[in-house]
$ cat coords_6.tsv   # TSV, C-alpha atoms
chain	number	residue	atom	x	y	z
K	1	MET	CA	19.85	-25.28	-4.31
K	2	LYS	CA	17.00	-22.77	-3.98
K	3	SER	CA	13.51	-23.87	-4.84
K	4	PHE	CA	11.67	-22.14	-7.68
K	5	LEU	CA	9.25	-20.57	-5.19
K	6	ALA	CA	11.98	-18.91	-3.13
K	7	TYR	CA	13.97	-17.86	-6.20
K	8	ASP	CA	10.95	-16.34	-7.91
K	9	PHE	CA	9.89	-14.59	-4.73
K	10	GLN	CA	13.32	-13.04	-4.22
K	11	LYS	CA	13.79	-12.03	-7.84
K	12	SER	CA	10.40	-10.44	-8.25
K	13	PHE	CA	9.34	-8.79	-5.03
K	14	ILE	CA	12.09	-7.96	-2.54
K	15	LEU	CA	12.98	-4.25	-2.49
K	16	TYR	CA	15.17	-4.27	0.64
K	17	GLU	CA	16.40	-6.95	3.00
K	18	ASP	CA	18.76	-7.19	5.97
K	19	ASN	CA	18.84	-8.99	9.32
K	20	HIS	CA	16.09	-6.80	10.80
K	21	ILE	CA	13.61	-5.90	8.07
K	22	ILE	CA	12.37	-7.00	4.67
K	23	VAL	CA	10.44	-4.76	2.27
K	24	ILE	CA	8.24	-6.32	-0.40
K	25	ASN	CA	6.65	-4.94	-3.56
K	26	LYS	CA	3.26	-6.53	-3.03
K	27	LYS	CA	1.18	-7.65	-6.00
K	28	SER	CA	-2.45	-6.58	-6.04
K	29	SER	CA	-3.61	-10.20	-5.89
K	30	GLU	CA	-1.82	-10.94	-2.62
K	31	ILE	CA	-3.22	-10.79	0.88
K	32	VAL	CA	-1.03	-9.60	3.72
K	33	GLN	CA	-2.68	-11.69	6.45
K	34	SER	CA	-4.95	-14.73	6.47
K	35	ASP	CA	-8.59	-14.01	5.68
K	36	LYS	CA	-11.80	-15.91	4.98
K	37	THR	CA	-10.64	-16.84	1.45
K	38	GLY	CA	-8.10	-19.29	2.89
K	39	ASP	CA	-5.48	-18.07	0.40
K	40	LYS	CA	-1.89	-18.18	1.63
K	41	PRO	CA	-0.87	-14.71	2.84
K	42	ILE	CA	2.36	-13.00	1.86
K	43	ILE	CA	3.64	-13.11	5.45
K	44	GLU	CA	3.74	-16.93	5.22
K	45	PHE	CA	5.61	-16.79	1.91
K	46	ILE	CA	8.16	-14.52	3.57
K	47	LYS	CA	8.61	-16.99	6.42
K	48	ASP	CA	9.13	-19.81	3.91
K	49	TYR	CA	11.66	-17.70	2.03
K	50	ILE	CA	13.65	-16.77	5.15
K	51	LYS	CA	13.59	-20.33	6.46
K	52	GLU	CA	14.97	-21.69	3.20
K	53	LYS	CA	17.47	-18.94	2.40
K	54	TYR	CA	19.06	-18.89	5.85
K	55	ASN	CA	18.45	-22.56	6.67
K	56	LYS	CA	16.61	-21.65	9.86
K	57	PRO	CA	15.24	-24.50	12.00
K	58	GLY	CA	11.85	-24.27	13.70
K	59	ASN	CA	9.48	-21.35	13.45
K	60	VAL	CA	10.60	-18.16	11.69
K	61	PHE	CA	9.70	-14.73	13.11
K	62	CYS	CA	8.08	-12.25	10.75
K	63	GLY	CA	6.24	-9.29	12.21
K	64	LEU	CA	3.53	-7.34	10.41
K	65	VAL	CA	4.19	-3.61	10.70
K	66	HIS	CA	1.40	-2.20	8.52
K	67	ARG	CA	-1.12	-3.36	5.92
K	68	LEU	CA	-2.19	-2.85	2.33
K	69	ASP	CA	-5.62	-3.76	0.99
K	70	ARG	CA	-5.64	-6.86	-1.19
K	71	PRO	CA	-6.37	-5.03	-4.48
K	72	THR	CA	-3.61	-2.48	-3.74
K	73	SER	CA	0.00	-2.97	-4.81
K	74	GLY	CA	3.29	-1.56	-3.60
K	75	ALA	CA	5.82	-1.30	-0.80
K	76	ILE	CA	5.13	-2.97	2.51
K	77	VAL	CA	7.64	-3.59	5.30
K	78	PHE	CA	7.90	-6.59	7.61
K	79	ALA	CA	10.08	-6.97	10.70
K	80	ARG	CA	12.46	-9.91	11.03
K	81	THR	CA	13.09	-9.36	14.76
K	82	SER	CA	10.86	-8.41	17.68
K	83	LYS	CA	13.06	-5.37	18.37
K	84	ALA	CA	12.57	-4.11	14.82
K	85	LEU	CA	8.82	-4.72	15.05
K	86	SER	CA	8.50	-2.73	18.26
K	87	ARG	CA	10.52	0.21	16.95
K	88	LEU	CA	8.76	0.34	13.58
K	89	ASN	CA	5.37	0.14	15.29
K	90	GLN	CA	6.37	3.15	17.36
K	91	GLN	CA	7.28	5.07	14.21
K	92	PHE	CA	3.86	4.34	12.76
K	93	ARG	CA	2.17	5.43	15.99
K	94	ASN	CA	4.19	8.65	15.92
K	95	ARG	CA	3.39	9.11	12.21
K	96	SER	CA	7.08	9.58	11.50
K	97	ILE	CA	7.03	7.14	8.57
K	98	ASN	CA	6.45	8.91	5.26
K	99	LYS	CA	4.13	6.94	2.95
K	100	VAL	CA	3.56	8.09	-0.64
K	101	TYR	CA	0.92	6.52	-2.88
K	102	TRP	CA	0.08	6.83	-6.54
K	103	ALA	CA	-3.50	6.55	-7.72
K	104	VAL	CA	-4.95	6.49	-11.23
K	105	VAL	CA	-8.38	8.10	-11.09
K	106	GLU	CA	-11.31	8.46	-13.47
K	107	LYS	CA	-11.72	12.22	-13.09
K	108	LYS	CA	-9.13	14.99	-12.85
K	109	PRO	CA	-9.57	16.90	-9.58
K	110	ASN	CA	-10.70	20.52	-9.74
K	111	GLN	CA	-7.47	21.62	-8.07
K	112	LYS	CA	-4.06	20.31	-9.07
K	113	SER	CA	-3.11	19.93	-5.42
K	114	ALA	CA	-5.04	20.13	-2.18
K	115	LYS	CA	-5.42	18.88	1.36
K	116	LEU	CA	-8.51	16.74	1.96
K	117	ARG	CA	-10.02	16.58	5.42
K	118	HIS	CA	-12.99	14.32	6.14
K	119	TYR	CA	-14.41	12.23	8.94
K	120	LEU	CA	-14.54	8.55	8.03
K	121	LYS	CA	-16.87	5.99	9.54
K	122	LYS	CA	-16.26	2.31	8.88
K	123	ASN	CA	-19.09	-0.08	8.10
K	124	ILE	CA	-17.77	-3.45	9.22
K	125	LYS	CA	-20.44	-5.52	7.46
K	126	GLN	CA	-19.76	-3.84	4.12
K	127	ASN	CA	-16.00	-3.55	4.71
K	128	LYS	CA	-16.31	0.02	3.52
K	129	SER	CA	-15.80	3.51	4.89
K	130	TYR	CA	-18.04	6.54	4.42
K	131	ALA	CA	-16.83	10.15	4.41
K	132	PHE	CA	-18.50	13.07	6.17
K	133	ASP	CA	-17.64	16.77	6.21
K	134	LYS	CA	-18.22	16.96	9.96
K	135	HIS	CA	-17.72	14.59	12.84
K	136	VAL	CA	-20.48	12.00	13.26
K	137	ASN	CA	-20.80	9.35	15.92
K	138	GLY	CA	-18.07	6.73	15.45
K	139	SER	CA	-16.15	8.67	12.82
K	140	LYS	CA	-12.41	9.46	12.80
K	141	GLU	CA	-10.67	12.42	11.23
K	142	ALA	CA	-8.85	11.60	7.98
K	143	ILE	CA	-6.36	13.92	6.28
K	144	LEU	CA	-4.43	13.45	3.05
K	145	ASN	CA	-2.64	15.64	0.53
K	146	TYR	CA	-2.75	15.00	-3.20
K	147	ASN	CA	-0.87	16.38	-6.17
K	148	TRP	CA	-1.81	15.88	-9.83
K	149	LEU	CA	1.11	14.45	-11.80
K	150	ALA	CA	-0.18	13.64	-15.29
K	151	SER	CA	-3.11	12.66	-17.47
K	152	SER	CA	-3.77	10.21	-20.29
K	153	ASP	CA	-6.76	10.41	-22.62
K	154	ASN	CA	-9.13	8.99	-20.01
K	155	TYR	CA	-7.33	8.79	-16.67
K	156	HIS	CA	-5.28	10.91	-14.31
K	157	LEU	CA	-2.30	10.15	-12.07
K	158	LEU	CA	-2.26	11.56	-8.53
K	159	GLU	CA	0.40	11.40	-5.84
K	160	ILE	CA	-0.94	11.12	-2.30
K	161	THR	CA	0.67	11.56	1.09
K	162	LEU	CA	-1.18	10.59	4.25
K	163	GLU	CA	-1.35	12.51	7.49
K	164	THR	CA	-3.58	9.87	9.08
K	165	GLY	CA	-4.06	6.16	8.48
K	166	ARG	CA	-7.72	5.19	8.29
K	167	HIS	CA	-9.59	2.25	6.81
K	168	HIS	CA	-9.74	2.66	3.00
K	169	GLN	CA	-8.78	6.30	3.51
K	170	ILE	CA	-7.40	7.13	0.06
K	171	ARG	CA	-10.12	5.18	-1.73
K	172	CYS	CA	-12.90	6.80	0.27
K	173	GLN	CA	-11.63	10.37	0.30
K	174	LEU	CA	-10.83	10.47	-3.42
K	175	ALA	CA	-14.25	9.02	-4.21
K	176	GLN	CA	-15.83	11.71	-2.05
K	177	ILE	CA	-14.46	14.42	-4.37
K	178	GLY	CA	-15.45	12.44	-7.48
K	179	CYS	CA	-11.96	11.13	-8.26
K	180	ILE	CA	-12.71	7.42	-8.09
K	181	ILE	CA	-9.74	5.10	-8.41
K	182	LYS	CA	-9.74	3.01	-11.59
K	183	GLY	CA	-11.16	-0.45	-10.92
K	184	ASP	CA	-12.45	0.37	-7.45
K	185	VAL	CA	-16.08	-0.66	-7.91
K	186	LYS	CA	-16.61	-0.71	-4.13
K	187	TYR	CA	-16.29	3.07	-4.24
K	188	GLY	CA	-18.11	3.68	-7.52
K	189	ALA	CA	-15.71	2.91	-10.38
K	190	ARG	CA	-17.34	2.45	-13.77
K	191	ARG	CA	-16.05	-1.11	-14.07
K	192	ALA	CA	-13.70	-3.54	-12.41
K	193	ASN	CA	-10.20	-4.26	-13.64
K	194	SER	CA	-9.87	-7.67	-15.28
K	195	ASP	CA	-7.62	-8.93	-12.46
K	196	TYR	CA	-9.78	-7.30	-9.73
K	197	SER	CA	-6.94	-4.95	-8.78
K	198	ILE	CA	-7.41	-1.25	-8.24
K	199	HIS	CA	-4.98	1.36	-9.55
K	200	LEU	CA	-3.64	2.33	-6.14
K	201	HIS	CA	0.06	1.75	-5.53
K	202	ALA	CA	2.17	2.31	-2.41
K	203	ARG	CA	4.99	4.02	-4.29
K	204	LYS	CA	7.41	5.12	-1.58
K	205	LEU	CA	8.28	4.43	2.06
K	206	ILE	CA	10.72	6.60	4.03
K	207	PHE	CA	11.53	5.58	7.59
K	208	GLU	CA	14.32	5.30	10.13
K	209	HIS	CA	15.99	1.90	10.20
K	210	PRO	CA	15.05	0.32	13.55
K	211	THR	CA	18.64	-0.50	14.56
K	212	LYS	CA	21.01	1.41	12.27
K	213	LYS	CA	19.16	4.70	12.84
K	214	GLU	CA	19.74	5.71	9.22
K	215	ILE	CA	16.99	6.88	6.89
K	216	ILE	CA	15.76	4.22	4.47
K	217	SER	CA	13.97	5.35	1.31
K	218	ILE	CA	12.21	2.65	-0.71
K	219	ILE	CA	10.62	3.12	-4.14
K	220	ALA	CA	8.35	0.36	-5.45
K	221	PRO	CA	8.15	-0.08	-9.25
K	222	VAL	CA	4.60	0.23	-10.56
K	223	PRO	CA	2.70	-2.86	-11.79
K	224	ASN	CA	3.27	-4.00	-15.34
K	225	ASP	CA	-0.03	-3.19	-17.02
K	226	THR	CA	-0.96	-0.99	-19.97
K	227	LEU	CA	-2.03	2.10	-18.07
K	228	TRP	CA	0.85	2.13	-15.59
K	229	LYS	CA	3.17	1.49	-18.54
K	230	HIS	CA	1.74	4.51	-20.37
K	231	PHE	CA	2.47	6.83	-17.47
K	232	LYS	CA	5.90	5.32	-16.97
K	233	GLU	CA	6.89	5.77	-20.63
K	234	ASN	CA	5.42	9.23	-21.15
K	235	ILE	CA	6.18	10.95	-17.87
K	236	SER	CA	9.49	11.42	-16.11
K	237	PHE	CA	9.09	10.02	-12.59

$ encode --input "coords_6.tsv" --output "structure tokens"
Amino acid sequence: MKSFLAYDFQKSFILYEDNHIIVINKKSSEIVQSDKTGDKPIIEFIKDYIKEKYNKPGNVFCGLVHRLDRPTSGAIVFARTSKALSRLNQQFRNRSINKVYWAVVEKKPNQKSAKLRHYLKKNIKQNKSYAFDKHVNGSKEAILNYNWLASSDNYHLLEITLETGRHHQIRCQLAQIGCIIKGDVKYGARRANSDYSIHLHARKLIFEHPTKKEIISIIAPVPNDTLWKHFKENISF
């Protein structure tokens, strides 16, 4: 008989699962890896789930392929075998994995779609990145493409694809053009969300399965809150 924890985890969050990978729809409150808060990270919940579901003795392997910030929700993939981890890591290094994000921002951008190119420099003490128009010492080039999808009375929905993967890249670059993500007070939002989330969601992942060599396309349902619900009910996506 499955425990409530494992049952709830499976029912609510698993988007794809086989012997080699597992894809989760992460909640904004969850951390991917252990941090100074001491909260249990999602990777440990996955290990518990696999151990119980498949009755595995001893330690369970679960490899972290990529990360999402704690206040961000959406699709994140973990490897269940070392072979899958190695091959998925290579795809990320080659930038062959297609990652699509949705962001709800406070201001509609001047252009409906555009490519943003900045140079980001991370401040470790502040856990924050700063954007520059030109290269500065310690900065890294950051490129993303955005497309406006819809607007409500006060907010605007953007779709973002990344060409690079930098620390807080979407949050920082959108803030640099005045399109601050709702709830993201670190980058200048008017106020925090009540649950301390930000309205940034990893909507889609497209990648080659590490062993089957077929293309896997994952879509993560948006969080269940009023604003996401508004866009979901009033826009066809």

$ atom_distance --input "coords_6.tsv" --atom1 "CA of His118 (chain K)" --atom2 "CA of Ala142 (chain K)"
5.3 Å

$ atom_distance --input "coords_6.tsv" --atom1 "CA of Ser96 (chain K)" --atom2 "CA of Ile177 (chain K)"
27.2 Å

$ closest_residue --input "coords_6.tsv" --among "K:Lys140, K:Arg117, K:Arg166, K:Lys107" --to "Ser152 (chain K)" --atoms "only C-alpha atoms"
K:Lys107

$ atom_distance --input "coords_6.tsv" --atom1 "CA of Glu163 (chain K)" --atom2 "CA of Ile143 (chain K)"
5.3 Å

$ closest_residue --input "coords_6.tsv" --among "K:His209, K:Gly58, K:Asn224, K:Cys179" --to "Glu17 (chain K)" --atoms "all atoms listed in the file"
K:His209

$ residues_around --input "coords_6.tsv" --residues "Glu30 (chain K)" --least-positions-apart "6" --cutoff "8 Å" --atoms "all atoms listed in the file" --output "list of chain:residue names"
K:Pro41, K:Ile42, K:Arg70, K:Pro71
